[in-house]
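K.L.:
Got a structure here, written out as structure tokens. Questions coming.
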Amino acid sequence: MNGDNGIQVYPTTTWSAGAGCHGACGQKLYVKDGKLIKVEGDENASWNQGRACPRVLAMTQYVYHPDRLTQPLKRVGNRGEGKFEPISWDEAFDTCEAKLKDIREKHGAESVVFAQGTGRDVGGPISFLCYNYGSPNWVQLGLSGQSCYTPRLGAMKATIGDFCVLDASQFSEKRYEDPEWEVPKVIIVWGQNPPPTCPDGFFGHWIVDCMQRGSKIISVDPRHTWMSSRAEYHLQIRPGTDGALALGMLNVIINEKLYDKEFVEKWCYGFDELAERVQQYPVDKVSKITWIPEELIIEAARLYATAKPAAIQWGVPICMNPEGTTVAQAITQLWSITGNIDVPGGNVIARPSHGVTTYPYSTEELVGLYGQELVDKLNKVRIGCNDYPMVKGFRGWAQPDMVIDQINNGKPYPIKGAWIQTANILGGQAARARLHYEALKKLDFVVVVDLFHNPTSMALADIVLPAATFAEKESFRSWWVPLGVMQKTVQVGDCKSDWEINIEMANRLNPNCKYKNPRELINDRLSVANVTFDDVVKNGSQMMPPEGDPSRPYRRHEKGLLRADGKPGFTTETGKVELYCKAYESWGVDPLPFFREPAQGPVSTPELFEKYPLIMITGARSHLFFHSEHRGIPWLREKNPEPYVEVHPETAKEFGVYDGEWIHLENDMGKVKRKVRISLRVHPKMVHTLHSWWKPELKGSEPDLFGVWDYQINQIVPGPQDSDSGFGGGQYKTTLCRLAKIND
Amino acid sequence: MSKFGLLINYEYCTGCHTCEVACQQEHSFDVGKCGIRVTEHVYAAEKKPVAVDYIPFPTELCDLCMKRYNQGELPACVKHCQSFCMSFGKINDLVEKMDQQKRSALFAP
């Protein structure tokens, strides 16, 4: 598109580094003389309808930041000394190829782990490289219990055979004007503050759009938020007890016969067993566990169950509960027995747009890309497969807590190398962050692919490869809708996209690699939609699945659009929603939901609670930062310059701390600096603080590592995961701590 | 001809800071300068223990994006607002709109 004054305008999709999030926002990039000069929301993109977020609007500061990594680097000093020298891409690729081949020859491909961070446009490229190299150990290293969405995905797949999302009309290009869509009468916003983010293929403000159209909110949140203060019911829950609440609500809905009898009879399996199980969770008991008054639980359950349609929007705390997979299971049962599956304004089945795979979200997609034979072969040595049938049975992750322990102890086989791609493990998701640091330092060879130096690249990297933002690359996205592509609009230094880097490496490591360049791969993956990359670009960089496509709602179970055999029903063994979960049973996991107390807390560890009387909540989303990103972007950082901890006024009085005081949050694992912000937002027995803090303005070389050991909250979050399925139970929301004066 | 202004329906302002960065990008403001600032209000309320509200406040740097207006575009903050809770227009028209929505504030910068 040509504009005035030699400005070219490119509509594109924004998934990946830059804005950072999980969304599929359509943004228009304004380019002049080869330089990005402005970002404007794309009014034609049905996802965001012209809107933008602060992170994407700060892209010019991100793309041309003086600290951007723009050339490949090799380490020339000792590891962590911060001495790097620029090298050519040829030298960088040659070095990586030689080292990785050497490790594979001596120790086997499984001795290299491929570590990514959050779920954006890196999951596709890194799993591609990992599988072409021959390693099974694709991992979100540091993320205890893989506690971010995978436990919920696994629970939905096991129970329903498909994934579900809240229907905010996102599957229709007409959006809220689509006559088929209905506004959810009630939305339970469970463990999430949607406005700050676009989590898991969902635009947070869609909930606000629904509220403006009449949706009533039930907010399940230990904190007071913008959302909770606008809710009909705010269930101020004790962190880590969401499973009990879900069971208590199921108890009310089943015992008061408020469920959808027709749907249950026709489409659900195992209702009687569930009805029996929930008798163990009467509301008075649940109230004591969760700290939520009985009448609120009852009234909220009634409101949800009697509204049609009603929907649930859930967040990462579900996964971070003990036994996160069973908590997620109980919540899927709420929307199942109330008949809110795949109906307008309910929780609709979500499949990758047009059936295109970018980043494998399920075992089926993984097998589709790499074949059953390779997947089976790799599962024999994939870390966690032999210990956790669910980890083996769902998706392809290596179990993160076991990976770090294996790096440490070399059993059952040694880990020698790590390929870390856009994942600031040490400054970000690593629970037991110190242990990760010490273990990873022992590796023979570490590659870090990133956009900026950060504590992880500084501490560990032997080779640093500079990656591109979404504005600088060709890529594609199909998480759920729309089918979107990213256009390359500018080039920054010698940066390359994750796909470019990984396809080049894959060809060097596997002579039979299927694709020679990103365009070949993208067009092949898009072929199931009968389109090419250029077709999608011509359509404004996004397209929606056509009517009748299995990736488009509604009531696909009735129409025979879900199952491979074309019969009505769900893609489970019984063809029904399995309330009694046969997949869980086959994995040795309780087929029915149950509640377990968090590993630390007033009930399970009363003595520890006496010593550390505050439940620390971490990991909430920020409007300004995506996890450990964006701390160096001036327009963003100025609006939240320091790592704060929110402390209730009574708690501040009890500990004798004042607003603005620098203090330590501490427990037996260590202490971390925070600036006190006295606020009514938190419960007196809890404190809340943002995660992933480091300061790019501080010294990068060791021991400073950009202040990571002062500010990284996950140093005092324990591991391993608090779950028997292997998924879920990262203790990011339930760790105990106390406030301590600095210099006391 | 009446003046132009900004009408904020602060029932729906989520404090997302989009208006601020949109303004900074549009005007190429350095850090510290901005034509609009979001303020937060956390207080004990009548029917709920704690209320959380946000409201953007146009500073003296706000020029209502008259350059964009002359090109037929909305002010950068209004266009990008994630809640669609900001309106731009002539004060008289905004007053009428204000009459029909709860919890709003009118600014005539």
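Ligands are numbered from 1 in the order shown, residues from 1 within each chain, and chains are lettered A, B, ... in the order they appear in the structure tokens.
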Could the residues of chain B within 9 Å of chain A, counting only C-alpha atoms, be given as a ChimeraX atom specification, please?

P.N.:
/B:11-22,24-26,30-32,42-44,48-54,76,79-84

K.L.:
So that I can check the surroundings of region 59-73 of chain B, please list as a PyMOL selection string every protein, DNA and RNA residue that reaches within 8 Å of it, counting only C-alpha atoms and ignoring chain neighbours fewer than 2 positions away.

P.N.:
chain B and resi 4-5+33-37+57+75-76+109

K.L.:
So that I can see what lies close to Glu702 (chain A), please list as a list of chain:residue names the residues with an atom at most 9 Å from it, counting only C-alpha atoms and leaving out residues fewer than 6 positions away in the same chain.

P.N.:
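Skipping anything fewer than 6 positions along the chain leaves A:Arg79, A:Gly80, A:Glu81, A:Gly82, A:Met458, A:Ala459.
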
K.L.:
Mind checking DSSP for region 409-475 of chain A and telling me the alpha helix (DSSP H) residues as a list in words?

P.N.:
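DSSP on the backbone gives alpha helix (DSSP H) at Asn409, Ala433, Arg434, Leu435, His436, Tyr437, Glu438, Ala439, Leu440, Pro455, Thr456, Ser457, Met458, Ala459 and Leu460 of chain A.
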
K.L.:
Print the selection's residues with N, CA and C atoms to a file, as a tab-separated table (two decimals), in the first residue's frame.

P.N.:
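Below you can see part.tsv, which holds the result:
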chain	number	residue	atom	x	y	z
A	409	ASN	N	22.37	-33.73	37.50
A	409	ASN	CA	22.92	-35.00	38.00
A	409	ASN	C	23.32	-35.98	36.89
A	433	ALA	N	15.47	-20.35	40.44
A	433	ALA	CA	16.30	-19.71	39.41
A	433	ALA	C	17.80	-19.94	39.63
A	434	ARG	N	18.23	-19.92	40.88
A	434	ARG	CA	19.65	-20.14	41.18
A	434	ARG	C	20.11	-21.53	40.75
A	435	LEU	N	19.28	-22.49	41.01
A	435	LEU	CA	19.62	-23.86	40.64
A	435	LEU	C	19.76	-23.97	39.12
A	436	HIS	N	18.89	-23.29	38.40
A	436	HIS	CA	18.98	-23.29	36.94
A	436	HIS	C	20.30	-22.66	36.49
A	437	TYR	N	20.65	-21.58	37.13
A	437	TYR	CA	21.90	-20.89	36.80
A	437	TYR	C	23.09	-21.83	37.01
A	438	GLU	N	23.13	-22.43	38.18
A	438	GLU	CA	24.28	-23.28	38.49
A	438	GLU	C	24.34	-24.51	37.58
A	439	ALA	N	23.18	-25.09	37.30
A	439	ALA	CA	23.16	-26.29	36.44
A	439	ALA	C	23.55	-25.95	35.00
A	440	LEU	N	22.96	-24.88	34.48
A	440	LEU	CA	23.19	-24.55	33.06
A	440	LEU	C	24.64	-24.12	32.82
A	455	PRO	N	19.98	-11.46	31.31
A	455	PRO	CA	20.76	-12.27	32.25
A	455	PRO	C	21.13	-13.65	31.71
A	456	THR	N	20.24	-14.25	30.92
A	456	THR	CA	20.50	-15.60	30.42
A	456	THR	C	21.61	-15.60	29.37
A	457	SER	N	21.52	-14.69	28.41
A	457	SER	CA	22.55	-14.66	27.37
A	457	SER	C	23.89	-14.30	27.99
A	458	MET	N	23.87	-13.38	28.94
A	458	MET	CA	25.11	-12.92	29.54
A	458	MET	C	25.77	-14.01	30.36
A	459	ALA	N	24.98	-14.75	31.11
A	459	ALA	CA	25.55	-15.76	32.00
A	459	ALA	C	25.98	-17.02	31.27
A	460	LEU	N	25.30	-17.35	30.17
A	460	LEU	CA	25.46	-18.70	29.64
A	460	LEU	C	25.98	-18.82	28.22

K.L.:
One decimal, in Å: what's the spacing between CA of Phe445 (chain A) and CA of Val381 (chain A)?

P.N.:
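Rounded to one decimal, the two atoms are 20.5 Å apart.
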
K.L.:
Residues within 12 Å of Asp102 (chain A), please, as a tab-separated table (two decimals) with N, CA and C atoms, in the first residue's frame. Count only C-alpha atoms; anything in the same chain fewer than 6 positions from it doesn't count.

P.N.:
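Wrote around-v1.tsv, looks like this:
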chain	number	residue	atom	x	y	z
A	95	THR	N	30.01	-22.90	13.59
A	95	THR	CA	30.34	-23.27	14.97
A	95	THR	C	29.22	-24.09	15.59
A	96	CYS	N	27.98	-23.60	15.42
A	96	CYS	CA	26.84	-24.33	16.00
A	96	CYS	C	26.74	-25.73	15.39
A	108	GLY	N	24.66	-38.61	21.78
A	108	GLY	CA	23.28	-38.76	21.30
A	108	GLY	C	22.58	-37.41	21.26
A	109	ALA	N	21.64	-37.30	20.30
A	109	ALA	CA	20.95	-36.01	20.11
A	109	ALA	C	20.18	-35.58	21.34
A	111	SER	N	21.06	-35.37	24.17
A	111	SER	CA	21.89	-34.63	25.11
A	111	SER	C	21.88	-33.12	24.89
A	112	VAL	N	21.10	-32.69	23.90
A	112	VAL	CA	20.92	-31.25	23.74
A	112	VAL	C	19.45	-30.92	23.98
A	133	TYR	N	17.17	-32.16	14.38
A	133	TYR	CA	18.44	-32.56	14.99
A	133	TYR	C	18.32	-33.98	15.54
A	416	LYS	N	24.42	-32.11	27.54
A	416	LYS	CA	25.67	-31.42	27.24
A	416	LYS	C	25.49	-30.04	26.62
A	417	GLY	N	24.34	-29.84	26.02
A	417	GLY	CA	24.17	-28.57	25.32
A	417	GLY	C	22.75	-28.04	25.43
A	444	ASP	N	28.39	-27.92	28.12
A	444	ASP	CA	29.55	-27.73	27.24
A	444	ASP	C	29.31	-26.65	26.20
A	445	PHE	N	28.05	-26.52	25.77
A	445	PHE	CA	27.79	-25.60	24.66
A	445	PHE	C	26.38	-25.01	24.78
A	509	LEU	N	22.00	-29.88	9.96
A	509	LEU	CA	22.01	-31.00	10.90
A	509	LEU	C	21.27	-32.22	10.38

K.L.:
If you measure from CA of Pro553 (chain A) to CA of Asp342 (chain A), what distance in Å do you get, rounded to one decimal?

P.N.:
6.4 Å

K.L.:
Let me make sure I understand: among B:Val38, B:Cys77, B:Ala45, B:Leu6, which one has the smallest atom-to-atom distance to Asn92 (chain B) if we use only C-alpha atoms?

P.N.:
B:Leu6

K.L.:
Point out the residue among A:Ala461, A:Gly656, A:Ile716, A:Phe625 with the least atom-to-atom distance to Leu690 (chain A), counting only C-alpha atoms.

P.N.:
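Nearest candidate to Leu690 (chain A) out of A:Ala461, A:Gly656, A:Ile716, A:Phe625: A:Phe625.
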
K.L.:
For the atom pair CA of Ile298 (chain A) and CA of Gly324 (chain A), what is the interatomic distance in Å to one decimal place?

P.N.:
23.3 Å

K.L.:
Would you mind writing down, as a list in words, each residue of region 81-212 of chain A that DSSP on the backbone assigns to strand (DSSP E or B)?

P.N.:
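Residues meeting the strand (DSSP E or B) criterion: Phe84, Glu85, Pro86, Val112, Val113, Phe114, Ala115, Gln116, Trp138, Val139, Leu143, Phe163, Cys164, Val165, Leu166, Val186, Ile187, Ile188, Val189 and Trp190 of chain A.
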